[in-house]
Amino acid sequence: MGEVAAGEVVELLQQLIRGACVNDGSPESGQERRNAEVLRSVLEVPGVDLELHDPLPGRCSLVARIEGTARSAPSLMLLGHTDVVPADPTDWRHDPFGGELVEGEVWGRGAVDMLNLTSSMALAVRRLARSNFSPRGDLVFVAVADEEARGLLGAKWLTEHLADAVRTDYLVTEAGGFPIQTPNGVRLPVTTAEKGTFWCTLTVRGSPGHGSMPLRTDNAVLKAARVVQRLVEHEVPAEVHEGWRQFIEGIGLPPEVTRPLLDPSSIDAFCRDLPALGLARQAHACTHTTVAPTILHGGTKVNVIPDRAQIELDIRGLPGWGVPDVEAMLHQALGDMAQEVEIEWRFAEPASSSPTDTPLWEALERVAGSAYPGARCIPYLMVGGTDARYFRKLGTTAYGFGLFSTRLTFEDYATMFHGVDERVDVASLGLSAGLWEGLARELVT
Ligand SMILES: [Zn+2]
């Protein structure tokens, strides 16, 4: 398909893995300038305009552009990130920052999330520039910092400070394209939507007293325990959205599995009993607004009845859910304890989505067809978040996609994101490079 050699992608990916731009969420971590400089040296070719932006020292994002000849022509952005999440080497079979090539696979943190795509995007753009590609619309490659900490110093910053420069009609970023073999042929999931994120802190209060006389005291930790219990026992009704229906119908599971997965009245029981834990969790998360109590603080001293306890919640909302809906759900779950609980919002961002009846969708399907003849794309709802949501706010049609070989399965990929033994096979790297080049030729010329 494309002519970027897989070997070139391997080499660049190895460099980016060894760059170890580990983002632990603190503003001084990441230091993506290291990887941005590597990419800058790859893309310093005639025809490519390059800009680097560091909102904080070292937190660098690169914007590379092949300018189009017609202002009105559709534009495309290939969006990668250069940071990775931490990795503890003691858990891995190979050094997570070694970028070793072992039996046809490149190992290391970021091998699938998402230095693989970032590398293949950069090389596809360089190859296009070198072949004097002169598109009508802009082709933009952006390698952002800070994706792993919600993009505050990367995508969020760029879309707020340089909106006009980074607004394109179409955008592709992670994650998708893991081939699923079905009785009707290969299906390639395209991430068209992401759930919303709602993080809040619940505070409950009591009265301090001596720990040696607990009878009839007003203990905040005890209250917090009851609050947690009510939250996890509360059943949020299932919702089967159109995207979920198309995904499940598309992957060709047996009817006895498909039926309950598409029926809001039976999906809860089905997920509870399903032995395949990964699928059960995924199916549940794709059809419910979920609440996970993740942090609990309370008490100050072992012999003091605590007067205050706090619970942090990670809530992920289905499309259509806003803060008022989430608050109503919390009140319902808390019942008569609701008035004793203060809710403080830390972060609230509703779900985002892009339509599927677009030229980008058609182009992806056409280009992917050269790797997987007859393959069809199916929409997929991401239960976590990517930077795509910031660009959707600018009006961009944004999908998560890539191309992968069949060496690893959809489940393999699901466990490698932020997991151990992250790796990608060489063939997948070549496929992705071909995809980006083909997509640019289809969409912006
Ligand atoms: Zn990622």
# chains A, B, ... in the order shown; residues from 1 in each chain; ligands from 1

$ select_by_dssp --residues "region 224-339 of chain A" --states "strand (DSSP E or B)" --output "ChimeraX atom specification"
/A:290-298,304-305,308-317

$ residues_near_ligand --ligand "ligand 1" --cutoff "7 Å" --atoms "only C-alpha atoms and all ligand atoms" --output "compact mmCIF listing (two decimals) with N, CA, C and O atoms, in the first residue's frame"
# COMPACT_ATOMS: atom_id res chain seq x y z
N HIS A 81 0.39 11.30 20.13
CA HIS A 81 0.97 11.88 21.34
C HIS A 81 2.34 11.25 21.58
O HIS A 81 2.62 10.15 21.09
N ASP A 113 0.42 2.51 22.65
CA ASP A 113 -0.26 3.71 23.18
C ASP A 113 0.74 4.86 23.32
O ASP A 113 1.29 5.07 24.35
N MET A 114 0.87 5.63 22.29
CA MET A 114 0.57 5.39 20.90
C MET A 114 1.74 5.79 20.02
O MET A 114 1.59 6.30 18.94
N GLU A 147 -0.96 13.89 26.71
CA GLU A 147 -2.23 13.20 26.48
C GLU A 147 -2.61 12.35 27.69
O GLU A 147 -3.78 12.21 28.02
N GLU A 148 -1.61 11.79 28.34
CA GLU A 148 -1.88 10.85 29.43
C GLU A 148 -2.31 11.54 30.72
O GLU A 148 -2.59 10.88 31.71
N GLU A 174 -5.56 7.81 18.03
CA GLU A 174 -5.85 6.50 18.59
C GLU A 174 -7.31 6.48 19.00
O GLU A 174 -7.90 7.54 19.18
N THR A 386 -9.59 10.21 24.98
CA THR A 386 -8.43 10.57 24.17
C THR A 386 -8.51 12.07 23.90
O THR A 386 -9.48 12.73 24.25

$ closest_residue --among "A:Trp436, A:Ala309, A:His94, A:Leu279" --to "His297 (chain A)" --atoms "only C-alpha atoms"
A:Ala309

$ residues_around --residues "region 159-170 of chain A" --least-positions-apart "4" --cutoff "6 Å" --atoms "only C-alpha atoms" --output "PyMOL selection string"
chain A and resi 74-76+155+396-398

$ residues_around --residues "Ala87 (chain A)" --least-positions-apart "4" --cutoff "10 Å" --atoms "only C-alpha atoms" --output "MDAnalysis selection string"
chainID A and resid 20 22 91:92 95:97 108:110 418:422

$ write_last_selection --atoms "all heavy atoms" --output "short mmCIF file (atom, residue, chain, number, x, y, z; two decimals), in the first residue's frame"
data_model
loop_
_atom_site.label_atom_id
_atom_site.label_comp_id
_atom_site.auth_asym_id
_atom_site.auth_seq_id
_atom_site.Cartn_x
_atom_site.Cartn_y
_atom_site.Cartn_z
N ALA A 20 11.51 7.91 26.51
CA ALA A 20 10.91 7.75 27.85
C ALA A 20 10.26 9.04 28.37
O ALA A 20 10.61 9.52 29.44
CB ALA A 20 11.95 7.23 28.84
N VAL A 22 7.88 9.99 30.18
CA VAL A 22 6.92 9.40 31.13
C VAL A 22 6.13 10.50 31.83
O VAL A 22 6.70 11.36 32.49
CB VAL A 22 7.65 8.53 32.18
CG1 VAL A 22 6.65 7.99 33.20
CG2 VAL A 22 8.39 7.39 31.49
N ASP A 91 8.00 -5.80 36.37
CA ASP A 91 6.86 -6.59 35.92
C ASP A 91 6.99 -7.05 34.47
O ASP A 91 6.19 -7.84 33.99
CB ASP A 91 5.57 -5.76 36.03
CG ASP A 91 5.34 -5.26 37.45
OD1 ASP A 91 5.76 -5.96 38.39
OD2 ASP A 91 4.75 -4.17 37.60
N TRP A 92 7.97 -6.53 33.75
CA TRP A 92 8.02 -6.75 32.30
C TRP A 92 9.01 -7.86 31.92
O TRP A 92 10.00 -8.07 32.60
CB TRP A 92 8.47 -5.46 31.60
CG TRP A 92 7.43 -4.38 31.55
CD1 TRP A 92 6.75 -3.84 32.61
CD2 TRP A 92 6.97 -3.69 30.39
NE1 TRP A 92 5.91 -2.85 32.16
CE2 TRP A 92 6.02 -2.74 30.80
CE3 TRP A 92 7.29 -3.77 29.02
CZ2 TRP A 92 5.37 -1.88 29.91
CZ3 TRP A 92 6.64 -2.93 28.13
CH2 TRP A 92 5.68 -2.00 28.58
N ASP A 95 12.84 -4.74 28.93
CA ASP A 95 12.94 -3.37 29.43
C ASP A 95 11.87 -2.47 28.78
O ASP A 95 11.86 -2.31 27.56
CB ASP A 95 14.36 -2.85 29.09
CG ASP A 95 14.57 -1.40 29.53
OD1 ASP A 95 13.65 -0.81 30.13
OD2 ASP A 95 15.67 -0.88 29.26
N PRO A 96 10.99 -1.87 29.60
CA PRO A 96 9.92 -1.05 29.02
C PRO A 96 10.43 0.21 28.30
O PRO A 96 9.68 0.80 27.52
CB PRO A 96 9.05 -0.67 30.22
CG PRO A 96 9.84 -0.97 31.43
CD PRO A 96 10.84 -2.03 31.06
N PHE A 97 11.68 0.58 28.55
CA PHE A 97 12.21 1.75 27.84
C PHE A 97 13.41 1.39 26.96
O PHE A 97 14.17 2.25 26.56
CB PHE A 97 12.54 2.87 28.85
CG PHE A 97 11.32 3.27 29.64
CD1 PHE A 97 11.15 2.85 30.96
CD2 PHE A 97 10.31 4.01 29.04
CE1 PHE A 97 9.99 3.17 31.67
CE2 PHE A 97 9.15 4.33 29.74
CZ PHE A 97 8.99 3.91 31.05
N GLY A 108 8.03 -2.12 24.47
CA GLY A 108 8.27 -0.95 25.28
C GLY A 108 7.01 -0.16 25.56
O GLY A 108 5.99 -0.29 24.86
N ARG A 109 7.09 0.67 26.58
CA ARG A 109 5.97 1.53 26.94
C ARG A 109 5.70 2.50 25.79
O ARG A 109 6.61 3.18 25.32
CB ARG A 109 6.32 2.28 28.24
CG ARG A 109 5.27 3.22 28.69
CD ARG A 109 3.89 2.58 28.89
NE ARG A 109 3.67 2.00 30.20
CZ ARG A 109 3.00 0.87 30.41
NH1 ARG A 109 2.52 0.17 29.39
NH2 ARG A 109 2.81 0.42 31.63
N GLY A 110 4.47 2.47 25.32
CA GLY A 110 4.10 3.32 24.19
C GLY A 110 4.03 2.55 22.87
O GLY A 110 3.63 3.10 21.86
N HIS A 418 -1.59 0.71 28.90
CA HIS A 418 -1.22 0.99 30.29
C HIS A 418 -0.89 -0.29 31.07
O HIS A 418 -0.73 -0.25 32.28
CB HIS A 418 -2.31 1.79 31.04
CG HIS A 418 -2.62 3.12 30.40
ND1 HIS A 418 -3.33 4.10 31.02
CD2 HIS A 418 -2.29 3.63 29.18
CE1 HIS A 418 -3.45 5.15 30.22
NE2 HIS A 418 -2.82 4.88 29.09
N GLY A 419 -0.80 -1.43 30.39
CA GLY A 419 -0.49 -2.69 31.07
C GLY A 419 0.97 -3.06 30.94
O GLY A 419 1.81 -2.23 30.58
N VAL A 420 1.30 -4.33 31.22
CA VAL A 420 2.69 -4.77 31.11
C VAL A 420 2.91 -5.43 29.75
O VAL A 420 1.97 -5.76 29.03
CB VAL A 420 3.09 -5.77 32.23
CG1 VAL A 420 2.98 -5.11 33.59
CG2 VAL A 420 2.26 -7.04 32.16
N ASP A 421 4.21 -5.59 29.40
CA ASP A 421 4.61 -6.27 28.16
C ASP A 421 3.97 -5.66 26.91
O ASP A 421 3.54 -6.37 26.00
CB ASP A 421 4.29 -7.78 28.24
CG ASP A 421 5.19 -8.48 29.27
OD1 ASP A 421 6.24 -7.90 29.63
OD2 ASP A 421 4.83 -9.58 29.71
N GLU A 422 3.92 -4.34 26.88
CA GLU A 422 3.36 -3.63 25.74
C GLU A 422 4.31 -3.81 24.55
O GLU A 422 5.53 -3.66 24.67
CB GLU A 422 3.22 -2.14 26.09
CG GLU A 422 2.41 -1.34 25.11
CD GLU A 422 2.25 0.13 25.54
OE1 GLU A 422 2.42 0.45 26.74
OE2 GLU A 422 1.97 0.95 24.65
#

$ residues_around --residues "Ser120 (chain A)" --least-positions-apart "3" --cutoff "8 Å" --atoms "only C-alpha atoms" --output "ChimeraX atom specification"
/A:9,116-117,123-124,429-430,432-433,436

$ closest_atom_pairs --of "region 158-220 of chain A" --to "region 238-255 of chain A" --cutoff "8 Å" --atoms "only C-alpha atoms" --output "Markdown table"
| residue | atom | partner | partner_atom | distance |
| --- | --- | --- | --- | --- |
| A:Ile180 | CA | A:Ile251 | CA | 6.9 |
| A:Gln181 | CA | A:Ile251 | CA | 7.6 |
| A:Thr182 | CA | A:Gly252 | CA | 5.4 |
| A:Pro183 | CA | A:Gly252 | CA | 6.4 |
| A:Asn184 | CA | A:Gly252 | CA | 7.3 |
| A:Arg187 | CA | A:Ile251 | CA | 6.6 |
| A:Pro189 | CA | A:Phe247 | CA | 7.6 |

$ select_by_dssp --residues "region 81-160 of chain A" --states "helix (DSSP H, G or I)" --output "PyMOL selection string"
chain A and resi 89-91+115-130+147-149+155-160

$ closest_residue --among "A:Asp263, A:Glu442, A:Glu44, A:Glu312" --to "Arg127 (chain A)" --atoms "only C-alpha atoms"
A:Glu44

$ residues_around --residues "region 192-208 of chain A" --least-positions-apart "5" --cutoff "8 Å" --atoms "only C-alpha atoms" --output "number ranges by chain"
A: 217-220, 223-224, 304-319, 321, 323, 340-356, 379-386, 389, 398-400
